[in-house]
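Containing PDB, C-alpha atoms and all ligand atoms: run08.pdb.
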```pdb
ATOM      1  CA  MET A   1       0.000   0.000   0.000  1.00  0.00           C
ATOM      2  CA  ILE A   2       2.715   2.460   1.004  1.00  0.00           C
ATOM      3  CA  LEU A   3       4.765   1.473  -2.041  1.00  0.00           C
ATOM      4  CA  GLN A   4       1.753   1.997  -4.297  1.00  0.00           C
ATOM      5  CA  HIS A   5       1.085   5.428  -2.771  1.00  0.00           C
ATOM      6  CA  THR A   6       4.704   6.379  -3.187  1.00  0.00           C
ATOM      7  CA  GLU A   7       4.697   5.189  -6.789  1.00  0.00           C
ATOM      8  CA  ASN A   8       1.661   7.349  -7.559  1.00  0.00           C
ATOM      9  CA  TRP A   9       3.174  10.382  -5.845  1.00  0.00           C
ATOM     10  CA  VAL A  10       6.490  10.081  -7.693  1.00  0.00           C
ATOM     11  CA  ARG A  11       4.917   9.207 -11.026  1.00  0.00           C
ATOM     12  CA  GLN A  12       2.929  12.413 -10.965  1.00  0.00           C
ATOM     13  CA  ARG A  13       6.048  14.476 -10.171  1.00  0.00           C
ATOM     14  CA  LEU A  14       8.231  12.999 -12.921  1.00  0.00           C
ATOM     15  CA  ALA A  15       5.582  12.556 -15.595  1.00  0.00           C
ATOM     16  CA  LYS A  16       6.610  15.506 -17.732  1.00  0.00           C
ATOM     17  CA  ASP A  17      10.382  15.179 -17.499  1.00  0.00           C
ATOM     18  CA  THR A  18      12.335  15.179 -20.767  1.00  0.00           C
ATOM     19  CA  THR A  19      15.845  15.505 -19.318  1.00  0.00           C
ATOM     20  CA  GLY A  20      16.578  11.804 -18.831  1.00  0.00           C
ATOM     21  CA  HIS A  21      14.836  11.496 -15.464  1.00  0.00           C
ATOM     22  CA  ASP A  22      11.323  10.524 -16.462  1.00  0.00           C
ATOM     23  CA  TRP A  23       9.138   8.109 -14.493  1.00  0.00           C
ATOM     24  CA  PHE A  24      10.359   5.134 -16.518  1.00  0.00           C
ATOM     25  CA  HIS A  25      13.921   5.820 -15.327  1.00  0.00           C
ATOM     26  CA  THR A  26      12.690   5.615 -11.740  1.00  0.00           C
ATOM     27  CA  GLU A  27      10.714   2.469 -12.523  1.00  0.00           C
ATOM     28  CA  ARG A  28      13.787   0.768 -13.986  1.00  0.00           C
ATOM     29  CA  VAL A  29      15.925   1.824 -11.033  1.00  0.00           C
ATOM     30  CA  ARG A  30      13.302   0.425  -8.685  1.00  0.00           C
ATOM     31  CA  ASN A  31      13.157  -2.918 -10.513  1.00  0.00           C
ATOM     32  CA  VAL A  32      16.909  -3.388 -10.743  1.00  0.00           C
ATOM     33  CA  ALA A  33      17.328  -2.270  -7.121  1.00  0.00           C
ATOM     34  CA  LYS A  34      14.738  -4.833  -6.056  1.00  0.00           C
ATOM     35  CA  THR A  35      16.686  -7.585  -7.793  1.00  0.00           C
ATOM     36  CA  LEU A  36      19.946  -6.450  -6.186  1.00  0.00           C
ATOM     37  CA  ALA A  37      18.245  -6.279  -2.770  1.00  0.00           C
ATOM     38  CA  ARG A  38      17.176  -9.907  -3.097  1.00  0.00           C
ATOM     39  CA  VAL A  39      20.690 -11.058  -3.961  1.00  0.00           C
ATOM     40  CA  GLU A  40      22.250  -8.997  -1.175  1.00  0.00           C
ATOM     41  CA  GLU A  41      19.550  -9.892   1.342  1.00  0.00           C
ATOM     42  CA  ALA A  42      19.031  -6.183   1.994  1.00  0.00           C
ATOM     43  CA  ASP A  43      15.888  -4.515   3.358  1.00  0.00           C
ATOM     44  CA  SER A  44      13.804  -4.530   0.188  1.00  0.00           C
ATOM     45  CA  PHE A  45      11.169  -2.101   1.469  1.00  0.00           C
ATOM     46  CA  ILE A  46      13.784   0.558   2.219  1.00  0.00           C
ATOM     47  CA  VAL A  47      15.489  -0.114  -1.117  1.00  0.00           C
ATOM     48  CA  GLU A  48      12.254   0.212  -3.077  1.00  0.00           C
ATOM     49  CA  MET A  49      11.144   3.358  -1.250  1.00  0.00           C
ATOM     50  CA  ALA A  50      14.523   5.035  -1.724  1.00  0.00           C
ATOM     51  CA  ALA A  51      14.665   3.984  -5.387  1.00  0.00           C
ATOM     52  CA  LEU A  52      11.200   5.429  -5.982  1.00  0.00           C
ATOM     53  CA  LEU A  53      12.091   8.725  -4.309  1.00  0.00           C
ATOM     54  CA  HIS A  54      15.723   9.008  -5.424  1.00  0.00           C
ATOM     55  CA  ASP A  55      15.232  11.670  -8.110  1.00  0.00           C
ATOM     56  CA  THR A  56      12.561  13.771  -6.399  1.00  0.00           C
ATOM     57  CA  ILE A  57      15.114  16.017  -4.673  1.00  0.00           C
ATOM     58  CA  ASP A  58      17.708  16.167  -7.469  1.00  0.00           C
ATOM     59  CA  ASP A  59      18.843  19.757  -8.029  1.00  0.00           C
ATOM     60  CA  LYS A  60      18.671  19.130 -11.781  1.00  0.00           C
ATOM     61  CA  LEU A  61      14.941  18.545 -11.429  1.00  0.00           C
ATOM     62  CA  VAL A  62      13.653  20.745  -8.659  1.00  0.00           C
ATOM     63  CA  ALA A  63      13.961  24.503  -8.344  1.00  0.00           C
ATOM     64  CA  ASN A  64      14.322  24.425  -4.576  1.00  0.00           C
ATOM     65  CA  GLU A  65      16.057  21.413  -3.021  1.00  0.00           C
ATOM     66  CA  GLU A  66      15.289  22.357   0.553  1.00  0.00           C
ATOM     67  CA  GLN A  67      11.614  22.637  -0.244  1.00  0.00           C
ATOM     68  CA  ALA A  68      11.701  19.340  -2.175  1.00  0.00           C
ATOM     69  CA  ILE A  69      13.220  17.590   0.856  1.00  0.00           C
ATOM     70  CA  GLN A  70      10.545  19.037   3.121  1.00  0.00           C
ATOM     71  CA  GLU A  71       7.870  17.753   0.733  1.00  0.00           C
ATOM     72  CA  VAL A  72       9.370  14.258   0.844  1.00  0.00           C
ATOM     73  CA  VAL A  73       9.576  14.402   4.657  1.00  0.00           C
ATOM     74  CA  HIS A  74       5.949  15.490   4.815  1.00  0.00           C
ATOM     75  CA  PHE A  75       4.909  12.729   2.418  1.00  0.00           C
ATOM     76  CA  LEU A  76       6.807  10.062   4.383  1.00  0.00           C
ATOM     77  CA  LYS A  77       5.308  11.220   7.679  1.00  0.00           C
ATOM     78  CA  GLU A  78       1.834  10.777   6.233  1.00  0.00           C
ATOM     79  CA  GLN A  79       2.659   7.141   5.445  1.00  0.00           C
ATOM     80  CA  HIS A  80       3.068   6.288   9.140  1.00  0.00           C
ATOM     81  CA  LEU A  81       6.504   4.747   8.805  1.00  0.00           C
ATOM     82  CA  GLU A  82       8.771   4.229  11.762  1.00  0.00           C
ATOM     83  CA  LYS A  83      11.082   7.185  12.374  1.00  0.00           C
ATOM     84  CA  LYS A  84      14.050   4.913  11.760  1.00  0.00           C
ATOM     85  CA  GLN A  85      12.704   4.036   8.317  1.00  0.00           C
ATOM     86  CA  VAL A  86      12.032   7.666   7.369  1.00  0.00           C
ATOM     87  CA  ASP A  87      15.544   8.637   8.454  1.00  0.00           C
ATOM     88  CA  HIS A  88      17.132   5.809   6.495  1.00  0.00           C
ATOM     89  CA  ILE A  89      15.205   6.595   3.290  1.00  0.00           C
ATOM     90  CA  LEU A  90      16.093  10.286   3.565  1.00  0.00           C
ATOM     91  CA  GLU A  91      19.723   9.480   4.243  1.00  0.00           C
ATOM     92  CA  ILE A  92      19.869   7.345   1.096  1.00  0.00           C
ATOM     93  CA  ILE A  93      18.269   9.808  -1.286  1.00  0.00           C
ATOM     94  CA  GLN A  94      20.238  12.743   0.100  1.00  0.00           C
ATOM     95  CA  SER A  95      23.560  10.970   0.007  1.00  0.00           C
ATOM     96  CA  ILE A  96      22.931   9.795  -3.557  1.00  0.00           C
ATOM     97  CA  SER A  97      21.779  13.189  -4.800  1.00  0.00           C
ATOM     98  CA  PHE A  98      24.356  15.360  -3.123  1.00  0.00           C
ATOM     99  CA  SER A  99      27.254  13.166  -2.131  1.00  0.00           C
ATOM    100  CA  LYS A 100      29.314  12.966  -5.315  1.00  0.00           C
ATOM    101  CA  GLY A 101      31.976  10.740  -3.867  1.00  0.00           C
ATOM    102  CA  MET A 102      30.739  10.442  -0.288  1.00  0.00           C
ATOM    103  CA  GLU A 103      30.954   7.003   1.334  1.00  0.00           C
ATOM    104  CA  LEU A 104      27.563   5.392   1.552  1.00  0.00           C
ATOM    105  CA  ARG A 105      26.832   3.922   4.959  1.00  0.00           C
ATOM    106  CA  THR A 106      24.409   1.073   4.262  1.00  0.00           C
ATOM    107  CA  ILE A 107      23.997  -1.743   1.754  1.00  0.00           C
ATOM    108  CA  GLU A 108      20.545  -0.321   0.900  1.00  0.00           C
ATOM    109  CA  ALA A 109      22.141   3.003  -0.149  1.00  0.00           C
ATOM    110  CA  LYS A 110      24.770   1.199  -2.200  1.00  0.00           C
ATOM    111  CA  ILE A 111      22.119  -0.831  -3.993  1.00  0.00           C
ATOM    112  CA  VAL A 112      20.072   2.204  -4.998  1.00  0.00           C
ATOM    113  CA  GLN A 113      23.195   3.973  -6.235  1.00  0.00           C
ATOM    114  CA  ASP A 114      24.254   0.893  -8.217  1.00  0.00           C
ATOM    115  CA  ALA A 115      20.808   0.651  -9.843  1.00  0.00           C
ATOM    116  CA  ASP A 116      20.838   4.366 -10.694  1.00  0.00           C
ATOM    117  CA  ARG A 117      24.320   4.051 -12.198  1.00  0.00           C
ATOM    118  CA  LEU A 118      23.371   0.980 -14.234  1.00  0.00           C
ATOM    119  CA  ASP A 119      20.569   3.000 -15.825  1.00  0.00           C
ATOM    120  CA  ALA A 120      23.167   5.515 -17.025  1.00  0.00           C
ATOM    121  CA  MET A 121      24.972   2.700 -18.905  1.00  0.00           C
ATOM    122  CA  GLY A 122      24.243   0.583 -21.975  1.00  0.00           C
ATOM    123  CA  ALA A 123      21.643   1.349 -24.665  1.00  0.00           C
ATOM    124  CA  ILE A 124      19.394   3.173 -22.243  1.00  0.00           C
ATOM    125  CA  GLY A 125      22.302   5.151 -20.844  1.00  0.00           C
ATOM    126  CA  ILE A 126      23.191   6.223 -24.393  1.00  0.00           C
ATOM    127  CA  ALA A 127      19.610   7.325 -25.083  1.00  0.00           C
ATOM    128  CA  ARG A 128      19.383   9.249 -21.802  1.00  0.00           C
ATOM    129  CA  THR A 129      22.678  11.008 -22.431  1.00  0.00           C
ATOM    130  CA  PHE A 130      21.534  12.376 -25.759  1.00  0.00           C
ATOM    131  CA  GLN A 131      18.201  13.411 -24.318  1.00  0.00           C
ATOM    132  CA  TYR A 132      19.904  15.201 -21.427  1.00  0.00           C
ATOM    133  CA  SER A 133      22.403  16.823 -23.780  1.00  0.00           C
ATOM    134  CA  GLY A 134      19.637  18.051 -26.070  1.00  0.00           C
ATOM    135  CA  SER A 135      17.773  19.517 -23.131  1.00  0.00           C
ATOM    136  CA  LYS A 136      20.930  21.484 -22.249  1.00  0.00           C
ATOM    137  CA  GLN A 137      21.611  22.595 -25.840  1.00  0.00           C
ATOM    138  CA  GLN A 138      24.862  20.620 -25.942  1.00  0.00           C
ATOM    139  CA  ALA A 139      26.416  19.348 -29.165  1.00  0.00           C
ATOM    140  CA  ILE A 140      26.332  15.653 -30.052  1.00  0.00           C
ATOM    141  CA  TYR A 141      30.068  15.922 -30.567  1.00  0.00           C
ATOM    142  CA  ASP A 142      32.415  18.816 -31.264  1.00  0.00           C
ATOM    143  CA  PRO A 143      36.093  18.086 -32.002  1.00  0.00           C
ATOM    144  CA  ALA A 144      37.002  21.585 -30.732  1.00  0.00           C
ATOM    145  CA  ILE A 145      35.848  20.639 -27.254  1.00  0.00           C
ATOM    146  CA  ALA A 146      36.626  16.948 -27.513  1.00  0.00           C
ATOM    147  CA  VAL A 147      37.571  15.302 -24.283  1.00  0.00           C
ATOM    148  CA  ARG A 148      41.205  15.031 -23.296  1.00  0.00           C
ATOM    149  CA  GLU A 149      41.937  12.623 -20.515  1.00  0.00           C
ATOM    150  CA  GLU A 150      43.950  15.083 -18.475  1.00  0.00           C
ATOM    151  CA  MET A 151      41.362  17.834 -18.597  1.00  0.00           C
ATOM    152  CA  THR A 152      38.684  18.380 -16.046  1.00  0.00           C
ATOM    153  CA  LYS A 153      35.274  19.504 -17.153  1.00  0.00           C
ATOM    154  CA  ASN A 154      35.861  23.142 -16.172  1.00  0.00           C
ATOM    155  CA  GLU A 155      38.820  23.374 -18.487  1.00  0.00           C
ATOM    156  CA  TYR A 156      36.858  22.858 -21.683  1.00  0.00           C
ATOM    157  CA  ARG A 157      36.214  25.881 -23.814  1.00  0.00           C
ATOM    158  CA  ASN A 158      33.790  28.010 -21.795  1.00  0.00           C
ATOM    159  CA  GLY A 159      33.092  24.978 -19.617  1.00  0.00           C
ATOM    160  CA  GLU A 160      31.350  23.382 -22.583  1.00  0.00           C
ATOM    161  CA  THR A 161      30.944  19.692 -23.052  1.00  0.00           C
ATOM    162  CA  SER A 162      29.158  17.403 -25.504  1.00  0.00           C
ATOM    163  CA  ALA A 163      27.146  14.228 -25.309  1.00  0.00           C
ATOM    164  CA  ILE A 164      30.139  12.204 -26.514  1.00  0.00           C
ATOM    165  CA  ASN A 165      32.410  13.870 -23.934  1.00  0.00           C
ATOM    166  CA  HIS A 166      30.071  12.754 -21.199  1.00  0.00           C
ATOM    167  CA  PHE A 167      30.973   9.115 -21.920  1.00  0.00           C
ATOM    168  CA  TYR A 168      34.642   9.847 -21.202  1.00  0.00           C
ATOM    169  CA  GLU A 169      33.944  12.155 -18.274  1.00  0.00           C
ATOM    170  CA  LYS A 170      31.610   9.797 -16.517  1.00  0.00           C
ATOM    171  CA  LEU A 171      29.863   6.888 -18.182  1.00  0.00           C
ATOM    172  CA  LEU A 172      32.912   4.736 -18.997  1.00  0.00           C
ATOM    173  CA  LYS A 173      34.067   5.119 -15.382  1.00  0.00           C
ATOM    174  CA  LEU A 174      30.861   3.853 -13.837  1.00  0.00           C
ATOM    175  CA  LYS A 175      31.619   0.149 -14.026  1.00  0.00           C
ATOM    176  CA  ASP A 176      34.496   0.576 -11.576  1.00  0.00           C
ATOM    177  CA  LYS A 177      32.387   2.529  -9.129  1.00  0.00           C
ATOM    178  CA  LEU A 178      29.746  -0.085  -8.479  1.00  0.00           C
ATOM    179  CA  HIS A 179      29.453  -1.624  -5.025  1.00  0.00           C
ATOM    180  CA  THR A 180      27.646  -4.945  -5.405  1.00  0.00           C
ATOM    181  CA  HIS A 181      28.813  -8.034  -7.229  1.00  0.00           C
ATOM    182  CA  ALA A 182      25.493  -8.488  -9.031  1.00  0.00           C
ATOM    183  CA  ALA A 183      25.588  -4.909 -10.349  1.00  0.00           C
ATOM    184  CA  LYS A 184      29.157  -5.396 -11.582  1.00  0.00           C
ATOM    185  CA  GLU A 185      28.015  -8.424 -13.542  1.00  0.00           C
ATOM    186  CA  LEU A 186      25.127  -6.543 -15.131  1.00  0.00           C
ATOM    187  CA  ALA A 187      27.446  -3.657 -15.949  1.00  0.00           C
ATOM    188  CA  GLU A 188      29.825  -5.688 -18.104  1.00  0.00           C
ATOM    189  CA  LYS A 189      27.527  -6.021 -21.106  1.00  0.00           C
ATOM    190  CA  ARG A 190      26.348  -2.433 -20.796  1.00  0.00           C
ATOM    191  CA  HIS A 191      29.905  -1.117 -20.628  1.00  0.00           C
ATOM    192  CA  HIS A 192      30.939  -3.145 -23.660  1.00  0.00           C
ATOM    193  CA  TYR A 193      27.912  -1.884 -25.581  1.00  0.00           C
ATOM    194  CA  MET A 194      28.906   1.751 -24.906  1.00  0.00           C
ATOM    195  CA  GLU A 195      32.467   1.068 -26.067  1.00  0.00           C
ATOM    196  CA  GLN A 196      31.182  -0.465 -29.286  1.00  0.00           C
ATOM    197  CA  PHE A 197      28.904   2.509 -29.815  1.00  0.00           C
ATOM    198  CA  LEU A 198      31.799   4.953 -29.394  1.00  0.00           C
ATOM    199  CA  THR A 199      34.000   2.983 -31.778  1.00  0.00           C
ATOM    200  CA  GLN A 200      31.308   2.922 -34.440  1.00  0.00           C
ATOM    201  CA  PHE A 201      30.509   6.599 -33.834  1.00  0.00           C
ATOM    202  CA  SER A 202      34.072   7.685 -34.479  1.00  0.00           C
ATOM    203  CA  LEU A 203      34.400   5.435 -37.541  1.00  0.00           C
ATOM    204  CA  GLU A 204      31.284   7.005 -39.035  1.00  0.00           C
ATOM    205  CA  TRP A 205      32.490  10.484 -38.039  1.00  0.00           C
ATOM    206  CA  GLU A 206      35.679   9.901 -39.997  1.00  0.00           C
ATOM    207  CA  GLY A 207      33.817   8.392 -42.930  1.00  0.00           C
ATOM    208  CA  LYS A 208      35.437   5.005 -42.389  1.00  0.00           C
ATOM    209  CA  ALA A 209      32.355   2.913 -41.790  1.00  0.00           C
TER     210      ALA A 209
HETATM  211  P1  LIG B   1      20.783  10.158 -12.233  1.00  0.00           P
HETATM  212  O1  LIG B   1      20.802  11.082 -11.042  1.00  0.00           O
HETATM  213  O2  LIG B   1      19.455   9.712 -12.647  1.00  0.00           O
HETATM  214  O3  LIG B   1      21.758   9.050 -12.159  1.00  0.00           O
HETATM  215  P2  LIG B   1      22.049  12.307 -13.647  1.00  0.00           P
HETATM  216  O4  LIG B   1      21.171  13.383 -13.121  1.00  0.00           O
HETATM  217  O5  LIG B   1      23.475  12.330 -13.255  1.00  0.00           O
HETATM  218  O6  LIG B   1      21.407  10.895 -13.404  1.00  0.00           O
HETATM  219  O7  LIG B   1      21.931  12.273 -15.189  1.00  0.00           O
HETATM  220  C1  LIG B   1      20.763  11.876 -15.857  1.00  0.00           C
HETATM  221  C2  LIG B   1      21.105  11.372 -17.244  1.00  0.00           C
HETATM  222  O8  LIG B   1      21.679  12.434 -17.983  1.00  0.00           O
HETATM  223  C3  LIG B   1      22.140  10.262 -17.204  1.00  0.00           C
HETATM  224  O9  LIG B   1      21.860   9.314 -18.190  1.00  0.00           O
HETATM  225  C4  LIG B   1      23.433  10.986 -17.454  1.00  0.00           C
HETATM  226  O10 LIG B   1      24.387  10.199 -18.092  1.00  0.00           O
HETATM  227  C5  LIG B   1      22.992  12.121 -18.343  1.00  0.00           C
HETATM  228  N1  LIG B   1      23.843  13.280 -18.112  1.00  0.00           N
HETATM  229  C6  LIG B   1      24.166  13.865 -16.938  1.00  0.00           C
HETATM  230  N2  LIG B   1      25.029  14.892 -17.115  1.00  0.00           N
HETATM  231  C7  LIG B   1      25.250  14.945 -18.459  1.00  0.00           C
HETATM  232  C8  LIG B   1      26.039  15.782 -19.314  1.00  0.00           C
HETATM  233  N3  LIG B   1      26.774  16.783 -18.840  1.00  0.00           N
HETATM  234  N4  LIG B   1      26.014  15.538 -20.645  1.00  0.00           N
HETATM  235  C9  LIG B   1      25.264  14.541 -21.148  1.00  0.00           C
HETATM  236  N5  LIG B   1      24.494  13.721 -20.408  1.00  0.00           N
HETATM  237  C10 LIG B   1      24.482  13.910 -19.096  1.00  0.00           C
HETATM  238 NI    NI B   2      18.304   8.660 -11.210  1.00  0.00          NI
END
```

Could you quickly redo this structure as structure tokens?
Amino acid sequence: MILQHTENWVRQRLAKDTTGHDWFHTERVRNVAKTLARVEEADSFIVEMAALLHDTIDDKLVANEEQAIQEVVHFLKEQHLEKKQVDHILEIIQSISFSKGMELRTIEAKIVQDADRLDAMGAIGIARTFQYSGSKQQAIYDPAIAVREEMTKNEYRNGETSAINHFYEKLLKLKDKLHTHAAKELAEKRHHYMEQFLTQFSLEWEGKA
């Protein structure tokens, strides 16, 4: 019942997103996270709740993070969860949204982050990257701002990047950042698929394929 309520609440908030964070992203993260939770014998209710709510406080999606957090807190309080559960769910979604490199404390947090990262890989990850890039008026690829390993993002021309750069900046690094064994296994095929895509992309770019 609580899961169904939460699904409805989130679905309504993400329905109109066209930046790579639509409801179906959340649904996939939830499903993969559920599978990982089973393998890891983690608390599946906490995992599912955190997966459902994980993008509702993302600063890319909400104008006011503080207000978004308060709305989630209010929503969770209405569901009559134990305080411990509310705190754990909030800890997970906040640490995933804001941490960028922070150690995650619990297996449930690690699972939700793994599932979120898996959805940024493979065929779906490729599709989401180009959708996100389009929404930010970024180029598909621009040799003038092409990624160089030693550069950080801020060093590109005017801080610009491109969809193809994003693979080198982030997506190809994801497989080594996963926590759980099951996620690492799932990531292999997705990683390989992205590499093949990039190889074919550059061959076509150069008129060689
Ligand atoms: P989530 O929080 O759902 O993991 P992000 O908010 O980091 O994802 O990104 C959402 C989607 O947009 C992902 O597929 C990601 O790869 C893509 N994305 C994020 N930043 C960029 C960028 N600078 N250029 C292209 N795609 C991006
Ligand atoms: Ni996400």

Item to check | Test item: residues at most 12 Å from Thr106 in chain A, all atoms listed in the file, excluding those fewer than 5 positions along its chain, as an MDAnalysis selection string | outcome: chainID A and resid 37 40 42:43 46:47 88:89 91:92 95:96 111:113 179:180

Can you list every residue of chain A that has an atom at most 7 Å from ligand LIG 1 (chain B), with its nearest atom pair and the distance in Å to one decimal, using all atoms listed in the file, ordered by chain then number, as a tab-separated table?
```
residue	atom	partner	partner_atom	distance
A:Thr19	CA	B:LIG1	O8	6.7
A:Gly20	CA	B:LIG1	C2	4.8
A:His21	CA	B:LIG1	O2	5.7
A:Asp55	CA	B:LIG1	O1	6.3
A:Asp58	CA	B:LIG1	O1	6.9
A:Lys60	CA	B:LIG1	O4	6.4
A:Ser97	CA	B:LIG1	O1	6.7
A:Asp116	CA	B:LIG1	O3	5.0
A:Arg117	CA	B:LIG1	O3	5.6
A:Asp119	CA	B:LIG1	O9	6.9
A:Ala120	CA	B:LIG1	O9	4.2
A:Gly125	CA	B:LIG1	O9	5.0
A:Arg128	CA	B:LIG1	O9	4.4
A:Thr129	CA	B:LIG1	N5	3.8
A:Phe130	CA	B:LIG1	N5	6.3
A:Tyr132	CA	B:LIG1	O8	4.8
A:Ser133	CA	B:LIG1	C9	4.5
A:Thr161	CA	B:LIG1	N3	6.6
A:Ser162	CA	B:LIG1	N4	6.1
A:Ala163	CA	B:LIG1	C9	4.6
A:His166	CA	B:LIG1	N4	5.0
A:Leu171	CA	B:LIG1	O10	6.4
```

Item to check | Residue nearest ligand NI 2 (chain B) among A:Thr6, A:Val73, A:Leu104, A:Asp114 (counting all atoms listed in the file) | outcome: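 For ligand NI 2 (chain B), the nearest of the given residues is A:Asp114.
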
Checklist entry - At most 12 Å from (12.4, 19.4, -7.8), file frame, only C-alpha atoms: which residues, as a list in words? => result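 Here the neighbourhood of the point contains Val10, Arg13, Leu14, Asp17, His21, Leu53, His54, Asp55, Thr56, Ile57, Asp58, Asp59, Lys60, Leu61, Val62, Ala63, Asn64, Glu65, Glu66, Gln67, Ala68, Ile69, Gln70, Glu71, Val72 and Ser97 of chain A.
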
Item to check | Pairwise distance for CA of Thr35 in chain A and CA of Glu48 in chain A, rounded to one decimal in Å | outcome: 10.1 Å

Checklist entry - In terms of the shortest atom-to-atom distance over all atoms listed in the file, which of A:Thr26, A:Gln138, A:Gln4, A:Ser202 is closest to ligand NI 2 (chain B)? => result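 Once distances to ligand NI 2 (chain B) are computed over all atoms listed in the file, the minimum belongs to A:Thr26.
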
Next on the checklist: Using only C-alpha atoms and all ligand atoms for the distances, tell me which of A:Ala33, A:Tyr141, A:Lys175, A:His74 is nearest to ligand NI 2 (chain B).
Outcome noted: A:Ala33

Next on the checklist: For this structure, which residues satisfy the selection - the PyMOL selection byres (((chain A and resi 121) around 12) and not hetatm) - when it is evaluated on the file as given? I want them as a PyMOL selection string.
Outcome noted: chain A and resi 114-120+122-129+166-167+170-175+178+183-184+186-195+197

Provide an axis-aligned box for all listed atoms of range 62-80 of chain A, padding each side by 4 Å; report its centre and its edge lengths in Å to one decimal, as lines of an AutoDock Vina configuration file.
```
center_x = 8.9
center_y = 15.4
center_z = 0.2
size_x = 22.2
size_y = 26.2
size_z = 25.8
```

Next on the checklist: One number please: CA of Ala50 in chain A to CA of Ile93 in chain A, in Å, one decimal.
Outcome noted: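 Between CA of Ala50 in chain A and CA of Ile93 in chain A the gap works out to 6.1 Å.
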
Item to check | Nearest residue to ligand NI 2 (chain B) from the set A:Leu198, A:Ala182, A:Ala144, A:Leu52 (distances using only C-alpha atoms and all ligand atoms) | outcome: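 Smallest distance to ligand NI 2 (chain B) is found for A:Leu52.
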
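The space separating CA of Ser44 in chain A from CA of Met102 in chain A comes to 22.6 Å.
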